[in-house]
file upload-v9.txt (compact mmCIF, C-alpha atoms (C1' of nucleotides))
# COMPACT_ATOMS: atom_id res chain seq x y z
CA MET A 796 104.84 102.47 69.36
CA LYS A 797 103.46 104.83 71.96
CA GLU A 798 104.43 104.42 75.58
CA LEU A 799 101.84 102.94 77.89
CA ASP A 800 101.43 105.11 81.00
CA PRO A 801 102.87 102.87 83.72
CA ILE A 802 100.55 104.33 86.33
CA LEU A 803 97.58 103.02 84.40
CA HIS A 804 99.17 99.87 83.06
CA SER A 805 98.46 97.89 86.20
CA GLN A 806 95.45 95.65 86.55
CA LEU A 807 94.14 96.99 89.83
CA ARG A 808 94.77 100.66 89.15
CA LEU A 809 93.20 100.32 85.74
CA ALA A 810 90.16 98.63 87.24
CA VAL A 811 89.77 101.42 89.77
CA MET A 812 90.09 104.08 87.10
CA SER A 813 87.65 102.24 84.88
CA ILE A 814 85.06 102.24 87.64
CA LEU A 815 85.65 105.86 88.54
CA MET A 816 85.35 106.90 84.90
CA SER A 817 81.80 105.65 84.79
CA VAL A 818 80.59 106.47 88.27
CA ASP A 819 82.03 109.80 89.35
CA GLU A 820 82.41 108.79 92.98
CA ALA A 821 83.06 105.52 94.74
CA ASP A 822 84.12 104.61 98.25
CA PHE A 823 86.86 102.31 99.43
CA VAL A 824 84.56 99.45 100.37
CA TYR A 825 82.77 99.55 97.03
CA LEU A 826 86.03 99.59 95.08
CA LYS A 827 87.34 96.73 97.15
CA GLU A 828 84.29 94.60 96.42
CA LYS A 829 84.11 95.45 92.74
CA THR A 830 87.78 94.81 92.11
CA GLU A 831 87.99 91.83 94.46
CA SER A 832 91.24 93.16 95.85
CA THR A 833 92.65 93.04 99.34
CA ALA A 834 92.38 96.22 101.40
CA GLY A 835 96.15 96.58 101.59
CA ASN A 836 96.69 96.35 97.89
CA LEU A 837 93.82 98.73 97.18
CA SER A 838 95.12 101.25 99.69
CA VAL A 839 98.56 101.29 98.08
CA GLN A 840 97.20 101.63 94.56
CA LEU A 841 94.82 104.42 95.52
CA ASP A 842 97.77 106.27 96.99
CA LYS A 843 99.64 105.94 93.73
CA LEU A 844 96.73 107.16 91.65
CA SER A 845 96.31 110.03 94.06
CA ALA A 846 100.01 110.89 94.04
CA ALA A 847 99.88 110.97 90.25
CA GLY A 848 97.00 113.42 90.42
CA TYR A 849 94.62 111.01 88.70
CA ILE A 850 92.11 110.78 91.55
CA THR A 851 91.20 112.65 94.70
CA VAL A 852 90.73 110.77 97.94
CA THR A 853 88.48 112.28 100.58
CA LYS A 854 88.05 110.99 104.08
CA GLY A 855 84.76 111.70 105.75
CA PHE A 856 82.23 110.20 108.10
CA VAL A 857 78.92 108.51 107.64
CA GLY A 858 77.46 108.44 111.13
CA LYS A 859 80.39 107.45 113.30
CA LYS A 860 82.13 105.38 110.65
CA THR A 861 84.91 106.65 108.48
CA ARG A 862 84.37 106.70 104.76
CA THR A 863 87.01 107.12 102.08
CA THR A 864 85.65 108.40 98.81
CA CYS A 865 87.43 108.59 95.47
CA GLN A 866 86.83 110.65 92.39
CA VAL A 867 88.69 110.84 89.12
CA THR A 868 90.23 114.22 88.32
CA ASP A 869 90.27 115.94 84.94
CA GLN A 870 93.91 114.98 84.65
CA GLY A 871 92.97 111.39 85.40
CA LYS A 872 90.27 111.39 82.75
CA LYS A 873 92.69 112.74 80.20
CA ALA A 874 95.34 110.20 81.11
CA PHE A 875 92.84 107.38 80.92
CA GLU A 876 91.67 108.45 77.49
CA GLN A 877 95.21 108.74 76.23
CA TYR A 878 96.00 105.32 77.63
CA VAL A 879 93.03 103.86 75.77
CA GLU A 880 94.18 105.44 72.53
CA ALA A 881 97.71 104.16 73.01
CA LEU A 882 96.49 100.66 73.76
CA LYS A 883 94.37 100.55 70.65
CA ASP A 884 97.57 100.53 68.61
CA TYR A 885 98.74 97.46 70.46
CA LEU A 886 95.43 95.66 70.25
CA ASN A 887 94.87 96.48 66.58
CA LEU A 888 91.49 98.05 67.31
CA MET B 89 86.16 91.95 86.35
CA LYS B 90 88.11 89.47 84.27
CA GLU B 91 91.71 88.76 85.01
CA LEU B 92 94.28 90.24 82.65
CA ASP B 93 96.75 87.59 81.51
CA PRO B 94 99.97 88.69 83.21
CA ILE B 95 102.10 87.29 80.42
CA LEU B 96 100.49 89.69 77.99
CA HIS B 97 99.97 92.59 80.37
CA SER B 98 103.49 93.90 79.92
CA GLN B 99 104.32 96.65 77.50
CA LEU B 100 107.14 94.96 75.66
CA ARG B 101 105.62 91.50 75.46
CA LEU B 102 102.35 92.99 74.28
CA ALA B 103 104.17 95.01 71.61
CA VAL B 104 105.93 91.89 70.39
CA MET B 105 102.70 89.92 70.28
CA SER B 106 100.95 92.76 68.53
CA ILE B 107 103.59 92.77 65.82
CA LEU B 108 103.59 89.00 65.48
CA MET B 109 99.80 88.95 65.21
CA SER B 110 99.94 91.04 62.07
CA VAL B 111 103.08 89.78 60.45
CA ASP B 112 103.37 86.02 60.94
CA GLU B 113 107.13 86.05 61.26
CA ALA B 114 109.64 88.57 62.54
CA ASP B 115 113.29 88.34 63.49
CA PHE B 116 115.05 89.56 66.59
CA VAL B 117 116.60 92.60 64.98
CA TYR B 118 113.31 93.73 63.49
CA LEU B 119 111.47 93.32 66.78
CA LYS B 120 114.19 95.21 68.58
CA GLU B 121 113.94 98.14 66.19
CA LYS B 122 110.17 98.24 66.09
CA THR B 123 109.77 98.07 69.84
CA GLU B 124 112.79 100.28 70.57
CA SER B 125 113.88 97.91 73.28
CA THR B 126 117.32 96.85 74.41
CA ALA B 127 118.52 93.45 73.22
CA GLY B 128 118.69 92.13 76.78
CA ASN B 129 115.16 93.06 77.64
CA LEU B 130 113.84 91.69 74.38
CA SER B 131 115.70 88.43 74.82
CA VAL B 132 114.20 87.91 78.28
CA GLN B 133 110.68 88.74 77.17
CA LEU B 134 110.88 86.49 74.12
CA ASP B 135 111.91 83.68 76.45
CA LYS B 136 108.86 84.28 78.58
CA LEU B 137 106.50 84.33 75.63
CA SER B 138 108.14 81.20 74.38
CA ALA B 139 107.98 79.47 77.77
CA ALA B 140 104.28 80.31 77.90
CA GLY B 141 103.80 78.65 74.55
CA TYR B 142 102.67 81.90 72.92
CA ILE B 143 105.45 82.07 70.34
CA THR B 144 108.04 79.83 68.77
CA VAL B 145 111.62 80.98 68.47
CA THR B 146 113.76 79.51 65.73
CA LYS B 147 117.47 80.02 65.34
CA GLY B 148 118.85 79.83 61.86
CA PHE B 149 121.48 81.30 59.62
CA VAL B 150 121.42 83.79 56.84
CA GLY B 151 124.85 83.43 55.25
CA LYS B 152 127.19 83.18 58.18
CA LYS B 153 125.13 85.31 60.50
CA THR B 154 122.73 83.93 63.03
CA ARG B 155 119.11 84.86 62.75
CA THR B 156 116.44 84.39 65.41
CA THR B 157 112.95 84.28 64.05
CA CYS B 158 109.68 84.41 65.99
CA GLN B 159 106.18 83.32 65.17
CA VAL B 160 103.01 83.43 67.19
CA THR B 161 101.44 80.05 67.97
CA ASP B 162 97.75 79.19 67.86
CA GLN B 163 97.76 79.27 71.63
CA GLY B 164 99.33 82.70 71.51
CA LYS B 165 96.72 83.98 69.10
CA LYS B 166 93.97 82.73 71.32
CA ALA B 167 95.51 84.24 74.42
CA PHE B 168 95.97 87.56 72.66
CA GLU B 169 92.37 87.64 71.54
CA GLN B 170 91.13 86.78 75.01
CA TYR B 171 93.33 89.48 76.46
CA VAL B 172 91.83 92.01 74.05
CA GLU B 173 88.33 90.99 75.06
CA ALA B 174 89.15 91.23 78.74
CA LEU B 175 90.72 94.65 78.31
CA LYS B 176 87.68 95.99 76.52
CA ASP B 177 85.78 95.70 79.79
CA TYR B 178 88.35 97.87 81.48
CA LEU B 179 88.52 100.43 78.72
CA ASN B 180 84.74 100.63 78.28
CA LEU B 181 84.98 99.81 74.58
C1' DA C 481 82.42 97.61 132.36
C1' DA C 482 85.73 94.58 130.63
C1' DT C 483 86.31 91.36 126.55
C1' DG C 484 86.16 89.88 122.14
C1' DT C 485 84.78 90.96 117.10
C1' DT C 486 84.11 93.46 113.16
C1' DT C 487 84.94 97.41 110.15
C1' DG C 488 87.83 100.34 107.58
C1' DG C 489 91.65 101.02 106.63
C1' DT C 490 97.54 101.75 106.70
C1' DT C 491 102.26 100.10 107.00
C1' DT C 492 105.62 96.95 106.09
C1' DA C 493 107.70 92.83 104.33
C1' DT C 494 108.11 89.73 100.45
C1' DA C 495 107.81 87.86 95.99
C1' DT C 496 107.68 88.94 91.15
C1' DT C 497 108.81 91.70 87.22
C1' DA C 498 110.93 94.64 84.17
C1' DT C 499 115.04 96.54 82.65
C1' DA C 500 119.68 97.54 81.61
C1' DA C 501 124.49 96.45 82.17
C1' DA C 502 127.90 93.34 81.54
C1' DC C 503 129.26 89.78 79.00
C1' DC C 504 130.20 86.24 75.05
C1' DG C 505 131.27 84.07 70.54
C1' DC C 506 131.56 84.87 65.86
C1' DT C 507 132.60 88.07 61.76
C1' DT C 508 134.20 91.57 59.40
C1' DT C 509 137.41 95.25 58.75
C1' DA C 510 141.76 97.77 59.27
C1' DT D 1123 146.12 89.86 64.30
C1' DA D 1124 144.00 93.44 66.73
C1' DA D 1125 140.07 95.83 67.18
C1' DA D 1126 135.35 96.89 66.25
C1' DG D 1127 130.45 95.22 65.13
C1' DC D 1128 126.73 92.17 65.14
C1' DG D 1129 123.46 89.20 67.35
C1' DG D 1130 122.36 87.85 70.97
C1' DT D 1131 122.35 85.72 76.47
C1' DT D 1132 123.19 85.98 81.40
C1' DT D 1133 123.15 88.31 85.50
C1' DA D 1134 122.52 92.08 88.66
C1' DT D 1135 119.52 95.80 90.11
C1' DA D 1136 115.65 98.61 90.51
C1' DA D 1137 110.82 98.96 90.52
C1' DT D 1138 106.21 96.85 91.20
C1' DA D 1139 102.55 94.38 92.83
C1' DT D 1140 100.66 91.91 96.45
C1' DA D 1141 99.47 90.08 100.81
C1' DA D 1142 100.38 89.73 105.63
C1' DA D 1143 100.62 91.99 109.76
C1' DC D 1144 99.08 95.55 112.11
C1' DC D 1145 96.11 99.52 114.22
C1' DA D 1146 92.30 102.45 116.01
C1' DA D 1147 87.53 103.06 116.52
C1' DA D 1148 82.92 101.10 116.92
C1' DC D 1149 79.96 97.50 118.01
C1' DA D 1150 78.29 93.42 120.17
C1' DT D 1151 78.59 90.03 124.15
C1' DT D 1152 78.84 88.36 129.12
call {"tool": "encode", "arguments": {"input": "upload-v9.txt", "output": "structure tokens"}}
result
Amino acid sequence: MKELDPILHSQLRLAVMSILMSVDEADFVYLKEKTESTAGNLSVQLDKLSAAGYITVTKGFVGKKTRTTCQVTDQGKKAFEQYVEALKDYLNL
Amino acid sequence: MKELDPILHSQLRLAVMSILMSVDEADFVYLKEKTESTAGNLSVQLDKLSAAGYITVTKGFVGKKTRTTCQVTDQGKKAFEQYVEALKDYLNL
DNA sequence: AATGTTTGGTTTATATTATAAACCGCTTTA
DNA sequence: TAAAGCGGTTTATAATATAAACCAAACATT
């Protein structure tokens, strides 16, 4: 049985990656709403995805307000796809 | 986004359930080999699946040797199928 | 213009989980 | 009968997820 990438095998991180795979760019507030997570938890998990090289996190401004935007990297896309393939074995799909 | 059943969202427990879903009965030694887990880890995870009502664990003998056999319950089957459905949302399947 | 409130987060503490190491009783073998 | 395997369980530790507490900047309120 294939190993399941532990970075992706986490509900919140997987949810974030899932969103980013289909949207190409999403900000902190949007991700927080969509995943119904707390800001603290989201912040930590984004750091981990970023540290793994799966997403890029960019801090910018919209007017005077800060805005943190996330994008999936090529490496992240690849990892996500491999994770899906690995999981299929487990789910009998 | 649906919640992912935390009992099933664990590599080893999911592997065990996956096997039991397609085999109807498997013993401890077989599960250990198939999942390439340590006996300790497997023992703990079987307990959790059992405590959740997802599998039954039966201790018997074959000759003089003990034999621990596992089967998935109806509740376990249902939970597994729901987990698969929930995951599909995340994986975009 | 000081005072509270909200927004957009980060850091830190805590609870839960996964995992392996140490252990145990029973057999088999030397 | 001593020692080595087999089939596990219990317990200690490391890793993880999660929320609570916190912080700075902007905005509204008196």
call {"tool": "calpha_fit_and_write", "arguments": {"input": "upload-v9.txt", "fixed": "chain A", "moving": "chain B", "output": "short mmCIF file (atom, residue, chain, number, x, y, z; two decimals) with C-alpha atoms, in the frame of the given file"}}
result
data_model
loop_
_atom_site.label_atom_id
_atom_site.label_comp_id
_atom_site.auth_asym_id
_atom_site.auth_seq_id
_atom_site.Cartn_x
_atom_site.Cartn_y
_atom_site.Cartn_z
CA MET B 89 104.85 102.41 69.34
CA LYS B 90 103.49 104.76 71.96
CA GLU B 91 104.44 104.38 75.56
CA LEU B 92 101.84 102.92 77.90
CA ASP B 93 101.43 105.09 80.99
CA PRO B 94 102.87 102.87 83.73
CA ILE B 95 100.55 104.33 86.33
CA LEU B 96 97.57 103.03 84.40
CA HIS B 97 99.15 99.87 83.05
CA SER B 98 98.46 97.89 86.20
CA GLN B 99 95.45 95.67 86.56
CA LEU B 100 94.14 97.01 89.82
CA ARG B 101 94.77 100.68 89.16
CA LEU B 102 93.20 100.35 85.74
CA ALA B 103 90.15 98.63 87.24
CA VAL B 104 89.77 101.43 89.76
CA MET B 105 90.09 104.09 87.09
CA SER B 106 87.66 102.26 84.87
CA ILE B 107 85.08 102.24 87.64
CA LEU B 108 85.68 105.87 88.53
CA MET B 109 85.36 106.90 84.89
CA SER B 110 81.80 105.64 84.79
CA VAL B 111 80.60 106.45 88.25
CA ASP B 112 82.01 109.80 89.36
CA GLU B 113 82.38 108.79 92.97
CA ALA B 114 83.05 105.51 94.73
CA ASP B 115 84.09 104.62 98.25
CA PHE B 116 86.83 102.31 99.44
CA VAL B 117 84.54 99.45 100.37
CA TYR B 118 82.76 99.54 97.03
CA LEU B 119 86.02 99.59 95.08
CA LYS B 120 87.34 96.73 97.15
CA GLU B 121 84.30 94.60 96.42
CA LYS B 122 84.11 95.44 92.74
CA THR B 123 87.78 94.82 92.11
CA GLU B 124 88.00 91.83 94.47
CA SER B 125 91.23 93.16 95.87
CA THR B 126 92.65 93.06 99.36
CA ALA B 127 92.35 96.25 101.40
CA GLY B 128 96.13 96.62 101.59
CA ASN B 129 96.67 96.39 97.89
CA LEU B 130 93.83 98.77 97.17
CA SER B 131 95.09 101.28 99.69
CA VAL B 132 98.54 101.32 98.09
CA GLN B 133 97.20 101.65 94.57
CA LEU B 134 94.80 104.44 95.52
CA ASP B 135 97.77 106.29 96.98
CA LYS B 136 99.63 105.96 93.72
CA LEU B 137 96.72 107.18 91.65
CA SER B 138 96.31 110.02 94.06
CA ALA B 139 100.02 110.89 94.04
CA ALA B 140 99.87 110.97 90.25
CA GLY B 141 97.02 113.43 90.42
CA TYR B 142 94.62 111.03 88.70
CA ILE B 143 92.13 110.80 91.56
CA THR B 144 91.21 112.66 94.71
CA VAL B 145 90.70 110.78 97.94
CA THR B 146 88.45 112.29 100.56
CA LYS B 147 88.01 111.00 104.08
CA GLY B 148 84.71 111.67 105.73
CA PHE B 149 82.23 110.17 108.11
CA VAL B 150 78.92 108.50 107.69
CA GLY B 151 77.53 108.38 111.23
CA LYS B 152 80.48 107.36 113.33
CA LYS B 153 82.16 105.31 110.66
CA THR B 154 84.91 106.59 108.46
CA ARG B 155 84.34 106.66 104.75
CA THR B 156 86.98 107.12 102.07
CA THR B 157 85.63 108.39 98.81
CA CYS B 158 87.42 108.60 95.46
CA GLN B 159 86.83 110.67 92.38
CA VAL B 160 88.70 110.86 89.12
CA THR B 161 90.26 114.23 88.32
CA ASP B 162 90.30 115.96 84.94
CA GLN B 163 93.93 115.00 84.64
CA GLY B 164 93.00 111.42 85.39
CA LYS B 165 90.30 111.41 82.75
CA LYS B 166 92.71 112.73 80.19
CA ALA B 167 95.37 110.21 81.10
CA PHE B 168 92.85 107.38 80.92
CA GLU B 169 91.68 108.44 77.50
CA GLN B 170 95.23 108.74 76.22
CA TYR B 171 96.01 105.32 77.62
CA VAL B 172 93.02 103.87 75.77
CA GLU B 173 94.19 105.44 72.53
CA ALA B 174 97.71 104.15 72.99
CA LEU B 175 96.48 100.65 73.76
CA LYS B 176 94.36 100.55 70.64
CA ASP B 177 97.56 100.51 68.61
CA TYR B 178 98.71 97.45 70.48
CA LEU B 179 95.41 95.65 70.27
CA ASN B 180 94.87 96.48 66.59
CA LEU B 181 91.49 98.06 67.29
#
call {"tool": "interface_residues", "arguments": {"input": "upload-v9.txt", "of": "chain A", "to": "chain C", "cutoff": "12 Å", "atoms": "only C-alpha atoms (C1' of nucleotides)", "output": "list in words"}}
result
Pro801, Asp822, Phe823, Val824, Tyr825, Lys827, Thr833, Ala834, Gly835, Asn836, Leu837, Ser838, Val839, Leu841, Asp842, Lys854, Gly855, Phe856, Lys859, Lys860, Thr861, Arg862 and Thr863 of chain A
call {"tool": "residues_around", "arguments": {"input": "upload-v9.txt", "residues": "B:Met89", "least_positions_apart": "5", "cutoff": "9 Å", "atoms": "only C-alpha atoms (C1' of nucleotides)", "output": "JSON, numbers by chain"}}
result
{"A": [810, 829, 830, 831], "B": [174, 177, 178]}
call {"tool": "atom_distance", "arguments": {"input": "upload-v9.txt", "atom1": "atom CA of A:Ala821", "atom2": "atom CA of A:Lys883"}}
result
27.1 Å
call {"tool": "interface_residues", "arguments": {"input": "upload-v9.txt", "of": "chain D", "to": "chain A", "cutoff": "10 Å", "atoms": "all atoms listed in the file", "output": "number ranges by chain"}}
result
D: 1138-1142, 1147-1148
call {"tool": "write_last_selection", "arguments": {"input": "upload-v9.txt", "atoms": "C-alpha atoms (C1' of nucleotides)", "output": "mmCIF file, keeping the file's coordinate frame"}}
result
data_model
loop_
_atom_site.group_PDB
_atom_site.id
_atom_site.type_symbol
_atom_site.label_atom_id
_atom_site.label_comp_id
_atom_site.auth_asym_id
_atom_site.auth_seq_id
_atom_site.Cartn_x
_atom_site.Cartn_y
_atom_site.Cartn_z
ATOM 1 C "C1'" DT D 1138 106.210 96.850 91.200
ATOM 2 C "C1'" DA D 1139 102.550 94.380 92.830
ATOM 3 C "C1'" DT D 1140 100.660 91.910 96.450
ATOM 4 C "C1'" DA D 1141 99.470 90.080 100.810
ATOM 5 C "C1'" DA D 1142 100.380 89.730 105.630
ATOM 6 C "C1'" DA D 1147 87.530 103.060 116.520
ATOM 7 C "C1'" DA D 1148 82.920 101.100 116.920
#
call {"tool": "atom_distance", "arguments": {"input": "upload-v9.txt", "atom1": "atom CA of A:Val852", "atom2": "atom CA of A:Gln866"}}
result
6.8 Å
call {"tool": "atom_distance", "arguments": {"input": "upload-v9.txt", "atom1": "atom CA of A:Lys843", "atom2": "atom CA of A:Leu803"}}
result
10.0 Å
call {"tool": "decode", "arguments": {"input": "upload-v9.txt", "residues": "chain C", "atoms": "C-alpha atoms (C1' of nucleotides)", "output": "short mmCIF file (atom, residue, chain, number, x, y, z; two decimals), in the first residue's frame"}}
result
data_model
loop_
_atom_site.label_atom_id
_atom_site.label_comp_id
_atom_site.auth_asym_id
_atom_site.auth_seq_id
_atom_site.Cartn_x
_atom_site.Cartn_y
_atom_site.Cartn_z
"C1'" DA C 481 -8.24 63.42 20.13
"C1'" DA C 482 -8.75 59.73 23.17
"C1'" DT C 483 -11.48 55.28 23.47
"C1'" DG C 484 -13.37 51.25 22.09
"C1'" DT C 485 -14.16 47.82 18.08
"C1'" DT C 486 -13.26 45.30 14.19
"C1'" DT C 487 -10.16 43.18 10.83
"C1'" DG C 488 -6.50 40.25 9.59
"C1'" DG C 489 -3.74 37.79 11.09
"C1'" DT C 490 0.51 35.24 14.36
"C1'" DT C 491 2.24 32.92 18.45
"C1'" DT C 492 1.79 29.88 22.00
"C1'" DA C 493 -0.33 26.51 24.92
"C1'" DT C 494 -3.04 22.33 25.13
"C1'" DA C 495 -5.33 18.25 23.87
"C1'" DT C 496 -5.31 14.39 20.74
"C1'" DT C 497 -3.08 11.10 17.82
"C1'" DA C 498 0.04 8.12 15.86
"C1'" DT C 499 3.83 5.30 16.52
"C1'" DA C 500 7.34 2.44 18.30
"C1'" DA C 501 9.59 0.43 22.24
"C1'" DA C 502 9.24 -2.39 25.93
"C1'" DC C 503 6.98 -5.96 27.68
"C1'" DC C 504 4.26 -10.55 28.45
"C1'" DG C 505 2.58 -15.38 28.20
"C1'" DC C 506 2.67 -19.35 25.58
"C1'" DT C 507 5.16 -22.66 22.27
"C1'" DT C 508 8.48 -24.68 19.98
"C1'" DT C 509 13.21 -25.96 19.43
"C1'" DA C 510 17.94 -27.02 20.88
#
